[in-house]
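Written below as structure tokens is the structure these notes are about.
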Amino acid sequence: KVVVRAKLPDGIGTWPAIWMLGTNISETGGYWNNGINKVPWPLTGEIDIMEQFGSDKQTIHGTVHHAQESGGTSNTASTPVSTSTTEFHDYSIIWDEDEIQFLVDDELYYTYNPETKYPGIGKNINTWPFFEPQYLLLNIAMGGSLGGVIDTNFTESTMEVDYVRVYQPLTEADRDASLSALNVNGILVEGFESDKLNYEYEVEASVSRVPDVTFTKTIEDATVQIFEAPQIPGTTTIQVTAADGASRRSYSVEFTQADPVLGLNDESIKVYPNPTTDKIRIALTDGSIRENTNLRIVDIGGIEHEVNVQRGEFELIAEVSSLSPGVYFIKVNSRNFKTTRFIKR
């Protein structure tokens, strides 16, 4: 696939083109002219991704030329682009082993296929020279057979090019930059799919370190790096790189803990957002936050942490950015003690 994003010149008589020629072309002074196996045009084949004629600035054309039909080829089509000179558009082709598709802004308007175009002749060297490499040209011609009469008031105009991008199909190695299995402590992750990249895994409340993660590569030649978080909560990332280095895929396993004690969370106390990274808000469902209400924050090892607390009319706001990532318990003393937990990322 070749994509050129461009805004075309607006002067009458300009003949802009985005096109391709075979690198096997024989031409004096040509960049590709090394004198080996060279052939003249049109035997090289020509793919005109975009042409716009001098007197019609609201239409663009896509065309192929080859030995079967060269200058006056019928292998062409056009499509209206009313804003071609005032806005950027994507002019592109998709070129594979059998056909060439022409598109504007990903909208297909013409397909050249020698098998359907020439019944009885089909695909041969004259109708399909497009098995050789081609090179890309971007230019503005003036006048001529397609540029037409140049406006006598013409002074200058510009073809602005945002980008030129060339894509190739994925190789088998690219597609296999993946895992075929993912295990936590020797147990296969339930519902593992090679195309699913994010997983969440809950461990027992007493576990404080990320468990061992192992995997199986889809192909042996791929390389794998693992970036492992040391403590829960934490995320282990497994990065798979294809054998040719052209493709990479990353899997993430996020570890969380189950509730430390069944029934410990008191539904009359609400904390949000949970998990959090900096602040956490604490409210009581009965609205009993009062002037003497205080709170304690304790980690799973029983160590109490001092944090700055702001007091609102119906909630307390605790600044917890200084805490290390982990699971913490909040104990609020209002009319009686209420306890719940939150996760600090």
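We name chains A, B, ... following the order of the structure tokens; residues begin at 1 in each chain, and ligands are numbered from 1 as shown.
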
Would you mind listing what lies within 9 Å of A:Glu115 as a ChimeraX atom specification, with only C-alpha atoms counted and same-chain residues fewer than 5 positions away left out? /A:98-99,120-123

Selection above as a file: all heavy atoms, as a PDB file, in the first residue's frame:
ATOM      1  N   ASP A  98      -2.134  -9.734  -7.742  1.00  0.00           N
ATOM      2  CA  ASP A  98      -3.148  -9.946  -8.765  1.00  0.00           C
ATOM      3  C   ASP A  98      -3.824  -8.689  -9.283  1.00  0.00           C
ATOM      4  O   ASP A  98      -4.365  -8.688 -10.387  1.00  0.00           O
ATOM      5  CB  ASP A  98      -4.234 -10.890  -8.220  1.00  0.00           C
ATOM      6  CG  ASP A  98      -3.663 -12.234  -7.812  1.00  0.00           C
ATOM      7  OD1 ASP A  98      -2.918 -12.815  -8.622  1.00  0.00           O
ATOM      8  OD2 ASP A  98      -3.945 -12.681  -6.682  1.00  0.00           O
ATOM      9  N   GLU A  99      -3.841  -7.608  -8.484  1.00  0.00           N
ATOM     10  CA  GLU A  99      -4.573  -6.428  -8.918  1.00  0.00           C
ATOM     11  C   GLU A  99      -4.055  -5.187  -8.214  1.00  0.00           C
ATOM     12  O   GLU A  99      -3.308  -5.269  -7.223  1.00  0.00           O
ATOM     13  CB  GLU A  99      -6.077  -6.595  -8.676  1.00  0.00           C
ATOM     14  CG  GLU A  99      -6.463  -6.711  -7.213  1.00  0.00           C
ATOM     15  CD  GLU A  99      -7.962  -6.923  -7.016  1.00  0.00           C
ATOM     16  OE1 GLU A  99      -8.625  -7.426  -7.940  1.00  0.00           O
ATOM     17  OE2 GLU A  99      -8.460  -6.576  -5.926  1.00  0.00           O
ATOM     18  N   GLY A 120      -9.392 -14.064 -21.938  1.00  0.00           N
ATOM     19  CA  GLY A 120      -8.715 -14.743 -23.032  1.00  0.00           C
ATOM     20  C   GLY A 120      -7.235 -14.422 -23.112  1.00  0.00           C
ATOM     21  O   GLY A 120      -6.466 -15.180 -23.702  1.00  0.00           O
ATOM     22  N   ILE A 121      -6.833 -13.265 -22.590  1.00  0.00           N
ATOM     23  CA  ILE A 121      -5.403 -12.907 -22.539  1.00  0.00           C
ATOM     24  C   ILE A 121      -4.900 -13.085 -21.114  1.00  0.00           C
ATOM     25  O   ILE A 121      -3.913 -13.756 -20.856  1.00  0.00           O
ATOM     26  CB  ILE A 121      -5.177 -11.457 -23.015  1.00  0.00           C
ATOM     27  CG1 ILE A 121      -5.634 -11.292 -24.458  1.00  0.00           C
ATOM     28  CG2 ILE A 121      -3.707 -11.071 -22.861  1.00  0.00           C
ATOM     29  CD1 ILE A 121      -5.502  -9.874 -24.966  1.00  0.00           C
ATOM     30  N   GLY A 122      -5.613 -12.459 -20.201  1.00  0.00           N
ATOM     31  CA  GLY A 122      -5.301 -12.616 -18.786  1.00  0.00           C
ATOM     32  C   GLY A 122      -3.999 -11.960 -18.385  1.00  0.00           C
ATOM     33  O   GLY A 122      -3.567 -10.950 -18.955  1.00  0.00           O
ATOM     34  N   LYS A 123      -3.341 -12.569 -17.429  1.00  0.00           N
ATOM     35  CA  LYS A 123      -2.157 -11.990 -16.812  1.00  0.00           C
ATOM     36  C   LYS A 123      -0.904 -12.506 -17.515  1.00  0.00           C
ATOM     37  O   LYS A 123      -0.602 -13.695 -17.459  1.00  0.00           O
ATOM     38  CB  LYS A 123      -2.159 -12.370 -15.323  1.00  0.00           C
ATOM     39  CG  LYS A 123      -1.039 -11.783 -14.488  1.00  0.00           C
ATOM     40  CD  LYS A 123      -1.245 -12.220 -13.042  1.00  0.00           C
ATOM     41  CE  LYS A 123      -0.130 -11.734 -12.143  1.00  0.00           C
ATOM     42  NZ  LYS A 123      -0.323 -12.201 -10.758  1.00  0.00           N
TER      43      LYS A 123
END

Residue neighbourhood A:Leu8, 7 Å, only C-alpha atoms, exclusion window fewer than 5 positions, as a PyMOL selection string: chain A and resi 84-85+158-160

Please list as an NGL selection string every residue within 8 Å of A:Trp128, counting only C-alpha atoms and excluding residues in the same chain fewer than 4 positions away. :A and (45 or 66 or 114 or 123-124)

Using only C-alpha atoms, which protein or nucleic acid residues come within 9 Å of A:Thr86? Drop anything in the same chain fewer than 3 positions from it, and give the result as a list of chain:residue names.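 The contact residues come out as A:Lys7, A:Leu8, A:Pro9, A:Asp10, A:Ser82, A:Thr83.
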
Would you mind reading off the distance between atom CA of A:Glu204 and atom CA of A:Gln257, one decimal, in Å? 5.7 Å

Return as a ChimeraX atom specification the full set of residues in stretch 95-335 of chain A whose backbone-based DSSP assignment is strand (DSSP E or B). /A:95,100-104,107-112,134-142,160-166,179-184,187-188,198-203,209,213-217,223-227,231,234-241,248-257,269-272,276,279-284,294-299,304-305,308-311,315-319,326-333

Name all residues at most 12 Å from A:Ser322 (count only C-alpha atoms; drop same-chain ones fewer than 5 positions away) and give them as JSON, numbers by chain. {"A": [276, 277, 278, 279, 305, 306, 307, 308, 344, 345]}

Kindly export the residues of the current selection with all heavy atoms, as a short mmCIF file (atom, residue, chain, number, x, y, z; two decimals), in the first residue's frame.
data_model
loop_
_atom_site.label_atom_id
_atom_site.label_comp_id
_atom_site.auth_asym_id
_atom_site.auth_seq_id
_atom_site.Cartn_x
_atom_site.Cartn_y
_atom_site.Cartn_z
N THR A 276 -6.61 4.46 43.80
CA THR A 276 -6.26 5.87 43.66
C THR A 276 -4.75 6.02 43.55
O THR A 276 -4.01 5.09 43.87
CB THR A 276 -6.79 6.68 44.85
OG1 THR A 276 -6.56 8.06 44.61
CG2 THR A 276 -6.09 6.26 46.15
N THR A 277 -4.33 7.21 43.11
CA THR A 277 -2.90 7.49 43.04
C THR A 277 -2.47 8.63 43.95
O THR A 277 -1.32 8.70 44.36
CB THR A 277 -2.48 7.86 41.60
OG1 THR A 277 -3.27 8.97 41.16
CG2 THR A 277 -2.69 6.67 40.65
N ASP A 278 -3.42 9.55 44.30
CA ASP A 278 -3.02 10.70 45.09
C ASP A 278 -3.97 11.03 46.24
O ASP A 278 -3.58 11.07 47.39
CB ASP A 278 -2.83 11.93 44.21
CG ASP A 278 -4.00 12.16 43.27
OD1 ASP A 278 -5.02 11.45 43.39
OD2 ASP A 278 -3.90 13.05 42.43
N LYS A 279 -5.26 11.22 45.93
CA LYS A 279 -6.21 11.58 46.98
C LYS A 279 -7.30 10.52 47.07
O LYS A 279 -7.63 9.87 46.09
CB LYS A 279 -6.86 12.93 46.67
CG LYS A 279 -5.96 14.14 46.86
CD LYS A 279 -6.71 15.41 46.54
CE LYS A 279 -5.97 16.68 46.94
NZ LYS A 279 -4.57 16.72 46.64
N HIS A 305 0.03 4.82 59.06
CA HIS A 305 0.70 5.86 58.27
C HIS A 305 -0.02 7.18 58.49
O HIS A 305 -1.25 7.26 58.44
CB HIS A 305 0.67 5.50 56.78
CG HIS A 305 1.45 4.27 56.45
ND1 HIS A 305 2.75 4.30 55.98
CD2 HIS A 305 1.11 2.96 56.55
CE1 HIS A 305 3.17 3.06 55.78
NE2 HIS A 305 2.19 2.23 56.12
N GLU A 306 0.78 8.23 58.74
CA GLU A 306 0.21 9.56 58.90
C GLU A 306 0.08 10.22 57.54
O GLU A 306 1.02 10.25 56.73
CB GLU A 306 1.10 10.41 59.81
CG GLU A 306 1.07 9.98 61.26
CD GLU A 306 1.80 10.97 62.15
OE1 GLU A 306 2.18 12.05 61.64
OE2 GLU A 306 1.97 10.66 63.33
N VAL A 307 -1.08 10.78 57.27
CA VAL A 307 -1.32 11.49 56.01
C VAL A 307 -2.06 12.78 56.34
O VAL A 307 -2.70 12.91 57.38
CB VAL A 307 -2.15 10.65 55.01
CG1 VAL A 307 -1.40 9.38 54.62
CG2 VAL A 307 -3.53 10.33 55.57
N ASN A 308 -1.98 13.73 55.41
CA ASN A 308 -2.70 14.99 55.57
C ASN A 308 -4.18 14.78 55.24
O ASN A 308 -4.52 14.18 54.22
CB ASN A 308 -2.10 16.05 54.65
CG ASN A 308 -2.77 17.40 54.82
OD1 ASN A 308 -3.01 17.85 55.93
ND2 ASN A 308 -3.08 18.04 53.71
N LYS A 344 -3.76 1.66 46.75
CA LYS A 344 -2.92 2.78 46.28
C LYS A 344 -2.07 2.28 45.12
O LYS A 344 -1.32 1.33 45.25
CB LYS A 344 -2.03 3.27 47.43
CG LYS A 344 -0.88 4.19 46.99
CD LYS A 344 -1.37 5.48 46.41
CE LYS A 344 -0.24 6.49 46.26
NZ LYS A 344 0.89 6.05 45.44
N ARG A 345 -2.23 2.92 43.96
CA ARG A 345 -1.46 2.53 42.77
C ARG A 345 -0.08 3.16 42.82
O ARG A 345 0.09 4.27 43.29
CB ARG A 345 -2.18 3.01 41.51
CG ARG A 345 -3.48 2.24 41.31
CD ARG A 345 -3.36 1.30 40.15
NE ARG A 345 -4.59 0.62 39.86
CZ ARG A 345 -4.80 -0.68 40.02
NH1 ARG A 345 -3.82 -1.42 40.51
NH2 ARG A 345 -5.94 -1.24 39.70
#

Stretch 20-32 of chain A: which residues within 10 Å, counting only C-alpha atoms, same-chain residues fewer than 4 positions away excluded, as an MDAnalysis selection string? chainID A and resid 36:49 64:65 129:138

So which one's closest to A:Ala17, A:Phe88, A:Gln68, A:Gly147, A:Asp106? Using only C-alpha atoms, please.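 Residue with the minimum atom-to-atom distance to A:Ala17: A:Gly147.
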
A:Gly191 surroundings by only C-alpha atoms, 12 Å radius, close-in-sequence under 3 positions cut, as number ranges by chain: A: 180-183, 187-188, 194-201

For the residues in that selection, give me N, CA, C and O atoms as a PDB file, in the first residue's frame.
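As a result, part18.pdb now contains:
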ATOM      1  N   SER A 180       1.476 -18.373  23.063  1.00  0.00           N
ATOM      2  CA  SER A 180       0.441 -19.389  22.909  1.00  0.00           C
ATOM      3  C   SER A 180      -0.080 -19.861  24.254  1.00  0.00           C
ATOM      4  O   SER A 180      -1.080 -20.571  24.324  1.00  0.00           O
ATOM      5  N   ALA A 181       0.610 -19.471  25.344  1.00  0.00           N
ATOM      6  CA  ALA A 181       0.148 -19.848  26.687  1.00  0.00           C
ATOM      7  C   ALA A 181       0.746 -18.896  27.704  1.00  0.00           C
ATOM      8  O   ALA A 181       1.825 -18.347  27.510  1.00  0.00           O
ATOM      9  N   LEU A 182       0.018 -18.697  28.793  1.00  0.00           N
ATOM     10  CA  LEU A 182       0.455 -17.829  29.885  1.00  0.00           C
ATOM     11  C   LEU A 182       0.107 -18.529  31.191  1.00  0.00           C
ATOM     12  O   LEU A 182      -1.025 -18.973  31.381  1.00  0.00           O
ATOM     13  N   ASN A 183       1.109 -18.636  32.087  1.00  0.00           N
ATOM     14  CA  ASN A 183       0.922 -19.375  33.338  1.00  0.00           C
ATOM     15  C   ASN A 183       1.303 -18.523  34.543  1.00  0.00           C
ATOM     16  O   ASN A 183       2.253 -17.743  34.488  1.00  0.00           O
ATOM     17  N   ILE A 187       0.049 -22.546  36.676  1.00  0.00           N
ATOM     18  CA  ILE A 187      -1.362 -22.759  36.335  1.00  0.00           C
ATOM     19  C   ILE A 187      -1.704 -21.901  35.124  1.00  0.00           C
ATOM     20  O   ILE A 187      -1.461 -20.685  35.126  1.00  0.00           O
ATOM     21  N   LEU A 188      -2.261 -22.525  34.087  1.00  0.00           N
ATOM     22  CA  LEU A 188      -2.616 -21.811  32.875  1.00  0.00           C
ATOM     23  C   LEU A 188      -3.665 -20.747  33.184  1.00  0.00           C
ATOM     24  O   LEU A 188      -4.656 -21.006  33.860  1.00  0.00           O
ATOM     25  N   SER A 194      -4.317 -15.368  22.478  1.00  0.00           N
ATOM     26  CA  SER A 194      -3.073 -14.731  22.040  1.00  0.00           C
ATOM     27  C   SER A 194      -3.279 -13.286  21.614  1.00  0.00           C
ATOM     28  O   SER A 194      -2.351 -12.475  21.681  1.00  0.00           O
ATOM     29  N   ASP A 195      -4.499 -12.936  21.162  1.00  0.00           N
ATOM     30  CA  ASP A 195      -4.758 -11.564  20.719  1.00  0.00           C
ATOM     31  C   ASP A 195      -5.235 -10.645  21.843  1.00  0.00           C
ATOM     32  O   ASP A 195      -5.365  -9.441  21.646  1.00  0.00           O
ATOM     33  N   LYS A 196      -5.524 -11.225  23.009  1.00  0.00           N
ATOM     34  CA  LYS A 196      -5.941 -10.419  24.156  1.00  0.00           C
ATOM     35  C   LYS A 196      -4.685 -10.031  24.928  1.00  0.00           C
ATOM     36  O   LYS A 196      -3.910 -10.882  25.336  1.00  0.00           O
ATOM     37  N   LEU A 197      -4.489  -8.741  25.152  1.00  0.00           N
ATOM     38  CA  LEU A 197      -3.205  -8.266  25.654  1.00  0.00           C
ATOM     39  C   LEU A 197      -3.207  -7.908  27.141  1.00  0.00           C
ATOM     40  O   LEU A 197      -2.143  -7.730  27.724  1.00  0.00           O
ATOM     41  N   ASN A 198      -4.373  -7.801  27.768  1.00  0.00           N
ATOM     42  CA  ASN A 198      -4.423  -7.400  29.178  1.00  0.00           C
ATOM     43  C   ASN A 198      -5.204  -8.421  30.003  1.00  0.00           C
ATOM     44  O   ASN A 198      -6.313  -8.798  29.636  1.00  0.00           O
ATOM     45  N   TYR A 199      -4.599  -8.834  31.111  1.00  0.00           N
ATOM     46  CA  TYR A 199      -5.220  -9.817  31.993  1.00  0.00           C
ATOM     47  C   TYR A 199      -5.150  -9.325  33.436  1.00  0.00           C
ATOM     48  O   TYR A 199      -4.205  -8.625  33.821  1.00  0.00           O
ATOM     49  N   GLU A 200      -6.147  -9.709  34.242  1.00  0.00           N
ATOM     50  CA  GLU A 200      -6.139  -9.395  35.662  1.00  0.00           C
ATOM     51  C   GLU A 200      -6.179 -10.706  36.428  1.00  0.00           C
ATOM     52  O   GLU A 200      -6.945 -11.613  36.108  1.00  0.00           O
ATOM     53  N   TYR A 201      -5.322 -10.823  37.439  1.00  0.00           N
ATOM     54  CA  TYR A 201      -5.204 -12.074  38.178  1.00  0.00           C
ATOM     55  C   TYR A 201      -5.269 -11.773  39.675  1.00  0.00           C
ATOM     56  O   TYR A 201      -4.479 -10.978  40.197  1.00  0.00           O
TER      57      TYR A 201
END

Report, in Å to a single decimal, how far apart atom CA of A:Ile12 and atom CA of A:Val149 are.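 Separating atom CA of A:Val149 from atom CA of A:Ile12 is a distance of 7.6 Å.
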
Which is closer to A:Asp90 than all the others in A:Ala141, A:Ala77, A:Val104, A:Ala246, using only C-alpha atoms?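 Of A:Ala141, A:Ala77, A:Val104, A:Ala246, the one nearest A:Asp90 is A:Val104, counting only C-alpha atoms.
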
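Across A:Glu107, A:Glu315, A:Asp244, A:Asp96, the tightest approach to A:Ala177 is made by A:Asp244 when counting only C-alpha atoms.
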
In stretch 110-266 of chain A, DSSP helix (DSSP H, G or I) residues written as JSON, numbers by chain: {"A": [114, 115, 116, 117, 144, 145, 146, 147, 172, 173, 174, 175]}

Selection from above, C-alpha atoms, as a short mmCIF file (atom, residue, chain, number, x, y, z; two decimals), in the first residue's frame, can you write it?
data_model
loop_
_atom_site.label_atom_id
_atom_site.label_comp_id
_atom_site.auth_asym_id
_atom_site.auth_seq_id
_atom_site.Cartn_x
_atom_site.Cartn_y
_atom_site.Cartn_z
CA PRO A 114 -5.76 -8.18 -15.92
CA GLU A 115 -7.76 -11.39 -15.60
CA THR A 116 -11.08 -9.55 -15.65
CA LYS A 117 -9.94 -6.75 -17.98
CA GLY A 144 0.99 19.78 -22.45
CA SER A 145 -1.70 17.37 -23.59
CA LEU A 146 -3.27 17.01 -20.15
CA GLY A 147 -2.18 20.23 -18.47
CA GLU A 172 4.38 -15.01 9.03
CA ALA A 173 7.00 -14.05 11.59
CA ASP A 174 5.26 -10.71 12.20
CA ARG A 175 1.95 -12.39 12.87
#

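Remark: for A:Pro233, the closest of the candidate residues A:Pro325, A:Leu284, A:Ile297, A:Gly148 is A:Pro325 (distances computed over only C-alpha atoms).
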